[in-house]
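Reproduced below: upload30.cif, with mmCIF, C-alpha atoms.
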data_target
#
loop_
_atom_site.label_atom_id
_atom_site.label_comp_id
_atom_site.auth_asym_id
_atom_site.auth_seq_id
_atom_site.Cartn_x
_atom_site.Cartn_y
_atom_site.Cartn_z
CA MET A 28 202.95 6.04 14.34
CA THR A 29 204.34 8.98 12.39
CA ALA A 30 206.89 11.39 13.88
CA THR A 31 204.24 14.14 13.91
CA TRP A 32 201.77 12.19 16.02
CA LEU A 33 204.54 10.96 18.34
CA VAL A 34 205.56 14.60 19.00
CA VAL A 35 201.93 15.64 19.53
CA LEU A 36 201.45 12.78 22.00
CA LEU A 37 204.70 13.22 23.97
CA VAL A 38 204.56 17.03 24.14
CA GLY A 39 200.91 16.82 25.19
CA ILE A 40 201.58 14.32 27.98
CA ALA A 41 204.68 16.21 29.21
CA THR A 42 202.85 19.54 29.30
CA ILE A 43 199.80 18.11 31.06
CA ILE A 44 202.07 16.59 33.74
CA ILE A 45 204.15 19.78 34.20
CA LYS A 46 200.99 21.88 34.60
CA ALA A 47 199.37 19.35 36.96
CA ILE A 48 202.27 18.86 39.44
CA GLY A 49 201.67 21.96 41.61
CA PRO A 50 197.84 21.96 41.62
CA ILE A 51 197.54 18.18 42.25
CA LEU A 52 200.29 17.76 44.87
CA LEU A 53 200.01 21.09 46.69
CA GLY A 54 196.40 22.15 45.99
CA GLY A 55 194.79 24.08 48.84
CA ARG A 56 197.84 23.81 51.09
CA THR A 57 199.43 26.88 52.55
CA LEU A 58 203.05 27.00 51.52
CA PRO A 59 205.68 27.51 54.24
CA PRO A 60 206.27 31.27 54.77
CA ARG A 61 209.80 31.01 53.40
CA ILE A 62 208.56 29.49 50.13
CA SER A 63 205.58 31.81 49.77
CA SER A 64 207.79 34.89 50.13
CA LEU A 65 209.76 33.57 47.16
CA ILE A 66 206.67 32.70 45.15
CA GLY A 67 205.37 36.25 45.75
CA LEU A 68 208.23 37.56 43.62
CA LEU A 69 207.67 35.01 40.84
CA ALA A 70 205.05 37.16 39.08
CA PRO A 71 207.17 40.32 38.79
CA ALA A 72 210.29 38.31 37.84
CA LEU A 73 208.59 36.17 35.16
CA LEU A 74 206.39 38.95 33.76
CA ALA A 75 209.42 41.25 33.36
CA ALA A 76 211.34 38.44 31.62
CA LEU A 77 208.37 37.80 29.31
CA VAL A 78 208.16 41.52 28.44
CA ALA A 79 211.91 41.67 27.69
CA ILE A 80 212.11 38.43 25.69
CA ASN A 81 208.91 39.06 23.71
CA THR A 82 210.10 42.59 22.85
CA PHE A 83 213.74 41.91 21.93
CA GLY A 84 214.04 38.16 21.43
CA SER A 85 214.02 36.50 18.01
CA GLY A 86 214.99 32.87 18.34
CA ARG A 87 218.48 32.90 19.83
CA SER A 88 219.26 36.53 19.04
CA LEU A 89 218.30 39.91 20.43
CA VAL A 90 216.96 42.37 17.85
CA ILE A 91 215.49 45.86 17.83
CA ASP A 92 212.55 45.91 15.43
CA ALA A 93 209.03 47.31 15.07
CA ARG A 94 207.90 45.61 18.29
CA VAL A 95 210.01 48.06 20.34
CA LEU A 96 207.93 50.98 19.02
CA GLY A 97 204.69 49.12 19.75
CA VAL A 98 205.70 48.21 23.30
CA GLY A 99 207.05 51.75 23.86
CA ALA A 100 203.69 53.22 22.79
CA ALA A 101 201.96 50.71 25.09
CA ALA A 102 204.19 51.83 27.99
CA ILE A 103 203.03 55.43 27.48
CA ALA A 104 199.40 54.24 27.35
CA ILE A 105 199.89 52.26 30.61
CA TRP A 106 201.48 55.30 32.24
CA ARG A 107 198.44 57.38 31.16
CA LYS A 108 196.20 54.73 32.81
CA ALA A 109 194.64 53.52 29.54
CA PRO A 110 192.43 50.40 29.79
CA LEU A 111 193.97 47.04 28.91
CA LEU A 112 192.15 46.74 25.57
CA LEU A 113 193.50 50.10 24.42
CA VAL A 114 197.04 49.19 25.53
CA VAL A 115 196.99 45.95 23.51
CA VAL A 116 195.41 47.59 20.45
CA ILE A 117 197.93 50.48 20.49
CA ALA A 118 200.86 48.03 20.68
CA ALA A 119 199.59 46.00 17.71
CA ALA A 120 198.59 49.06 15.63
CA VAL A 121 201.90 50.91 16.13
CA THR A 122 203.90 47.74 15.34
CA ALA A 123 201.84 46.97 12.23
CA THR A 124 202.16 50.57 11.02
CA ALA A 125 205.92 50.58 11.58
CA ARG A 126 206.21 47.33 9.60
CA ALA A 127 204.08 48.66 6.76
CA VAL A 128 206.19 51.84 6.51
CA THR A 129 209.63 50.23 6.64
CA MET B 6 170.16 62.10 46.79
CA SER B 7 173.77 63.00 46.63
CA PRO B 8 175.36 62.31 43.24
CA ASP B 9 178.21 60.71 45.15
CA ALA B 10 175.95 58.13 46.81
CA ASP B 11 177.45 55.40 44.71
CA GLY B 12 180.92 56.89 44.71
CA VAL B 13 182.41 54.86 47.55
CA ARG B 14 182.10 51.16 46.88
CA GLU B 15 183.48 48.16 48.65
CA PRO B 16 186.11 46.64 46.38
CA ARG B 17 184.21 43.65 44.93
CA GLU B 18 186.03 40.36 44.67
CA ARG B 19 186.61 39.38 41.04
CA ASP B 20 184.86 36.28 39.63
CA HIS B 21 184.66 34.17 36.43
CA ARG B 22 183.00 36.93 34.42
CA ASP B 23 185.81 39.34 35.26
CA GLY B 24 188.24 36.70 34.05
CA VAL B 25 186.39 36.41 30.73
CA ARG B 26 185.94 40.18 30.38
CA SER B 27 189.56 41.14 31.04
CA THR B 28 190.74 38.40 28.68
CA LEU B 29 188.53 39.18 25.66
CA PRO B 30 190.82 41.82 24.08
CA LEU B 31 193.68 39.39 24.40
CA ALA B 32 191.66 36.46 23.10
CA ILE B 33 191.65 38.14 19.68
CA ALA B 34 195.46 38.20 19.66
CA VAL B 35 195.61 34.60 20.93
CA ALA B 36 193.19 33.48 18.20
CA GLY B 37 195.40 35.29 15.68
CA PHE B 38 198.38 33.32 16.92
CA GLY B 39 196.33 30.15 16.78
CA VAL B 40 195.71 30.92 13.11
CA SER B 41 199.47 31.40 12.62
CA PHE B 42 200.13 28.08 14.31
CA GLY B 43 197.54 26.31 12.16
CA VAL B 44 199.02 27.79 8.96
CA LEU B 45 202.59 26.99 9.98
CA ALA B 46 201.85 23.45 11.17
CA ARG B 47 199.95 22.69 7.97
CA ALA B 48 202.82 24.06 5.90
CA ALA B 49 205.25 21.94 7.96
CA GLY B 50 203.40 18.84 6.81
CA MET B 51 201.62 18.04 10.08
CA GLY B 52 198.31 17.52 8.31
CA SER B 53 195.07 19.01 9.60
CA ALA B 54 194.12 16.88 12.63
CA ALA B 55 197.48 16.84 14.46
CA PRO B 56 197.82 20.65 14.88
CA ILE B 57 194.28 20.90 16.26
CA VAL B 58 194.80 17.97 18.65
CA MET B 59 198.08 19.54 19.76
CA SER B 60 196.42 22.90 20.53
CA ALA B 61 193.66 21.13 22.46
CA THR B 62 196.03 19.00 24.56
CA THR B 63 199.23 21.06 24.91
CA PHE B 64 197.64 24.56 25.04
CA ALA B 65 200.96 26.40 25.18
CA GLY B 66 201.74 28.49 22.11
CA SER B 67 205.51 28.90 22.28
CA ALA B 68 206.14 25.20 22.91
CA GLN B 69 203.92 24.21 19.98
CA PHE B 70 205.66 26.63 17.62
CA ALA B 71 209.04 25.32 18.78
CA ALA B 72 208.16 21.64 18.34
CA THR B 73 206.67 22.33 14.92
CA SER B 74 209.67 24.30 13.70
CA VAL B 75 212.04 21.54 14.85
CA LEU B 76 209.98 18.97 12.91
CA SER B 77 209.72 21.11 9.78
CA THR B 78 213.48 21.67 9.67
CA GLY B 79 214.09 17.94 9.82
CA GLY B 80 214.94 17.67 13.53
CA SER B 81 214.35 14.49 15.50
CA VAL B 82 211.32 13.68 17.63
CA ALA B 83 213.51 13.87 20.77
CA THR B 84 214.77 17.37 19.87
CA ALA B 85 211.22 18.60 19.26
CA VAL B 86 209.98 17.19 22.57
CA VAL B 87 212.95 18.57 24.57
CA ALA B 88 212.48 22.04 23.03
CA ALA B 89 208.80 22.02 23.98
CA VAL B 90 209.46 20.75 27.51
CA LEU B 91 212.11 23.45 28.11
CA LEU B 92 209.65 26.10 26.97
CA ASN B 93 206.95 24.73 29.28
CA ALA B 94 209.20 24.12 32.30
CA ARG B 95 208.15 27.49 33.77
CA TYR B 96 204.67 26.05 34.33
CA ALA B 97 206.08 23.94 37.18
CA PRO B 98 206.87 26.94 39.48
CA ILE B 99 203.82 28.78 38.11
CA GLY B 100 201.67 25.77 39.06
CA VAL B 101 203.13 25.83 42.57
CA SER B 102 202.30 29.56 42.85
CA VAL B 103 198.57 29.02 42.17
CA ALA B 104 198.26 25.71 44.06
CA PRO B 105 197.42 27.18 47.52
CA TYR B 106 194.34 28.92 46.00
CA LEU B 107 192.96 25.76 44.33
CA THR B 108 190.89 24.14 47.05
CA GLY B 109 188.49 21.93 45.07
CA SER B 110 188.58 18.20 44.29
CA TRP B 111 191.59 16.76 42.50
CA TRP B 112 189.96 16.93 39.06
CA SER B 113 188.92 20.54 39.61
CA ARG B 114 192.52 21.36 40.57
CA PHE B 115 193.69 19.41 37.52
CA ILE B 116 191.42 21.43 35.17
CA HIS B 117 192.50 24.73 36.72
CA GLY B 118 196.13 23.63 36.31
CA GLN B 119 195.65 22.84 32.62
CA LEU B 120 194.07 26.28 32.03
CA VAL B 121 197.18 28.03 33.33
CA VAL B 122 199.06 29.85 30.59
CA ASP B 123 201.15 33.00 31.03
CA GLU B 124 198.21 35.26 30.23
CA SER B 125 195.53 33.60 32.40
CA TRP B 126 198.03 33.35 35.28
CA ALA B 127 198.94 37.02 35.03
CA ILE B 128 195.30 38.13 34.81
CA ALA B 129 194.35 35.96 37.82
CA SER B 130 197.14 37.48 39.92
CA GLU B 131 195.86 39.70 42.74
CA GLY B 132 199.37 40.96 43.61
CA ASP B 133 201.39 40.01 46.71
CA GLY B 134 201.60 36.47 45.34
CA ARG B 135 197.83 35.81 45.68
CA PHE B 136 195.75 34.28 42.85
CA ASN B 137 192.02 34.22 42.14
CA PRO B 138 190.94 30.73 40.98
CA ARG B 139 187.61 31.98 39.51
CA VAL B 140 189.36 34.59 37.37
CA LEU B 141 191.87 31.91 36.33
CA LEU B 142 189.04 29.63 35.18
CA GLY B 143 187.22 32.36 33.21
CA ALA B 144 190.40 33.69 31.62
CA GLY B 145 191.84 30.24 30.91
CA LEU B 146 188.66 28.93 29.24
CA THR B 147 188.38 32.07 27.09
CA LEU B 148 191.97 31.71 25.91
CA TYR B 149 191.57 27.95 25.38
CA ILE B 150 188.57 28.43 23.09
CA ALA B 151 190.37 31.23 21.21
CA TRP B 152 193.53 29.14 20.78
CA VAL B 153 191.83 25.96 19.54
CA ALA B 154 189.37 27.87 17.32
CA GLY B 155 192.21 29.96 15.87
CA THR B 156 194.26 26.83 15.13
CA THR B 157 191.27 25.22 13.38
CA LEU B 158 190.71 28.36 11.26
CA GLY B 159 194.40 28.46 10.36
CA VAL B 160 194.50 24.81 9.33
CA PHE B 161 191.45 25.02 7.05
CA PHE B 162 191.33 28.66 5.89
CA GLY B 163 194.96 29.77 6.29
CA ASP B 164 195.33 30.54 2.58
CA VAL B 165 192.39 32.94 2.70
CA ILE B 166 193.33 34.68 5.96
CA GLY B 167 197.03 35.22 5.30
CA ASP B 168 199.74 35.81 7.88
CA PRO B 169 198.37 37.47 11.05
CA SER B 170 201.84 38.63 12.14
CA ARG B 171 201.58 41.58 9.75
CA LEU B 172 198.83 42.85 12.08
CA GLY B 173 201.43 43.44 14.81
CA LEU B 174 199.84 40.87 17.11
CA ASP B 175 203.28 39.71 18.30
CA ALA B 176 203.69 43.07 20.08
CA ALA B 177 200.34 42.63 21.85
CA PHE B 178 201.84 40.03 24.19
CA PRO B 179 204.75 42.03 25.66
CA ALA B 180 202.35 44.99 25.95
CA LEU B 181 199.89 42.87 27.93
CA PHE B 182 202.62 41.47 30.19
CA LEU B 183 203.89 45.02 30.81
CA ALA B 184 200.38 46.23 31.69
CA LEU B 185 200.04 43.33 34.17
CA LEU B 186 203.57 43.81 35.54
CA VAL B 187 203.22 47.48 36.50
CA PRO B 188 200.61 46.98 39.28
CA GLN B 189 202.85 44.23 40.76
CA LEU B 190 205.70 46.67 41.37
CA THR B 191 204.49 47.77 44.79
CA SER B 192 207.66 47.08 46.81
CA ALA B 193 211.39 47.62 46.33
CA ARG B 194 211.83 43.84 46.36
CA ALA B 195 209.29 43.38 43.55
CA LYS B 196 211.04 46.04 41.45
CA GLN B 197 214.42 44.39 42.02
CA ALA B 198 212.98 40.98 41.09
CA ALA B 199 211.52 42.46 37.88
CA VAL B 200 214.80 44.11 36.84
CA LEU B 201 216.78 40.97 37.65
CA GLY B 202 214.26 38.70 35.88
CA ALA B 203 214.39 40.80 32.69
CA ALA B 204 218.20 40.97 32.86
CA ILE B 205 218.57 37.19 33.26
CA GLY B 206 216.11 36.60 30.41
CA LEU B 207 217.91 38.91 27.98
CA ALA B 208 221.42 37.84 29.02
CA LEU B 209 220.73 34.14 28.42
CA THR B 210 218.75 34.49 25.17
CA PRO B 211 221.78 34.36 22.81
CA PHE B 212 223.40 31.44 24.64
CA THR B 213 220.66 28.95 25.53
CA PRO B 214 217.77 27.21 23.74
CA PRO B 215 214.47 29.16 23.83
CA GLY B 216 212.64 28.55 27.11
CA VAL B 217 215.75 28.34 29.28
CA PRO B 218 216.01 32.16 29.73
CA ILE B 219 212.43 32.34 31.03
CA ILE B 220 212.77 29.47 33.48
CA ALA B 221 216.15 30.88 34.65
CA ALA B 222 214.52 34.29 35.21
CA SER B 223 212.28 32.71 37.84
CA ALA B 224 215.46 32.42 39.96
CA ALA B 225 215.12 36.20 40.48
CA CYS B 226 212.47 35.41 43.10
CA LEU B 227 215.32 34.15 45.33
CA LEU B 228 215.63 37.85 46.27
CA GLY B 229 212.72 37.10 48.59
CA TRP B 230 214.77 34.58 50.58
CA LYS B 231 214.42 35.34 54.27
CA ARG B 232 217.01 34.10 56.71
#
Would you write the structure of this file as structure tokens?
Amino acid sequence: MTATWLVVLLVGIATIIIKAIGPILLGGRTLPPRISSLIGLLAPALLAALVAINTFGSGRSLVIDARVLGVGAAAIAIWRKAPLLLVVVIAAAVTATARAVT
Amino acid sequence: MSPDADGVREPRERDHRDGVRSTLPLAIAVAGFGVSFGVLARAAGMGSAAPIVMSATTFAGSAQFAATSVLSTGGSVATAVVAAVLLNARYAPIGVSVAPYLTGSWWSRFIHGQLVVDESWAIASEGDGRFNPRVLLGAGLTLYIAWVAGTTLGVFFGDVIGDPSRLGLDAAFPALFLALLVPQLTSARAKQAAVLGAAIGLALTPFTPPGVPIIAASAACLLGWKR
């Protein structure tokens, strides 16, 4: 087996298992109140980290590039209650324009 | 008849179609990234079948990009697998967060679990830690089709399409996550968790392999610990 196919196989199996653990073992069960009050904060914590890392992260370094302008424009659109489609399109369009200009 | 007759409506519970509908704008960006992955994987010497099989089985963009870049720069199989696993480790707590709302048979729960990616999870979130399994299914399937189709296009027609990153699609993802984050910020605790999560993520980025900052940021939910 080539290295490529070995990676495809192992990463596939690992990911399928990681994604299955919670739904298979805990499916349909109410979590203890202490745990569910933690899990309730998982969405804001992870989403904020994803925003920050996808805006400023580039491999192992933090950079300020065209994405900052795109996400900034999206923030204004969100604040003005724009629909999701418009928010995403504005972010991409502003970023692409900034890249084309610089 | 009063023009306002229809003005007050019971808030309808969201279903599969809402999942598909709210995901469609994003599916274009996901397909674009699938194209990028297909082009990159082909260029890295993975051939044409392996990248498509990987998208269909792994279905997690960042981990696939990481594994591919390790391979293409001459890294070992173990390094590529560890990088991908670190990037996907966040799906363990994310899987636990949706588990209470998956009440079907084990294979139905398994399928729902596999369709969890950051975007489908965020779109299926109802706030207050609740999740809608029907929205998750609709959103997850839409993204899955977009990701695998995009990869296939990239592998076979990458030369014609060119590099989708010049379209600014990479900024579409943080914009989406921001749009989905804002309605979650309903309590002081949620705002603190968001600030702490972002701070942990940024602070660790220069010092740890990709993936570790995101999984470490989930520790910000410990702010909800009740004694």
Problem - Interface, chain A side, toward chain B (7 Å; only C-alpha atoms) as a ChimeraX atom specification - result: /A:30-32,34-35,37-39,41-43,45-51,53-58,61,64-69,71-82,86-89,94,97-98,101,105,112,114-115,118-120,122-123
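The gap separating atom CA of Ser53 of chain B from atom CA of Thr157 of chain B is 8.2 Å, in Å to one decimal.
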Practice task
Please provide as a ChimeraX atom specification all residues within 12 Å of Gly163 of chain B, with the sequence filter that same-chain residues fewer than 2 positions apart are discarded (counting all atoms listed in the file).
Solution key: /B:37-48,53,155-161,165-169
Handout entry: Surrounding residues of Arg22 of chain B excluding itself and chain neighbours under 3 positions, 7 Å, only C-alpha atoms, as a ChimeraX atom specification
Key = /B:25-26,143
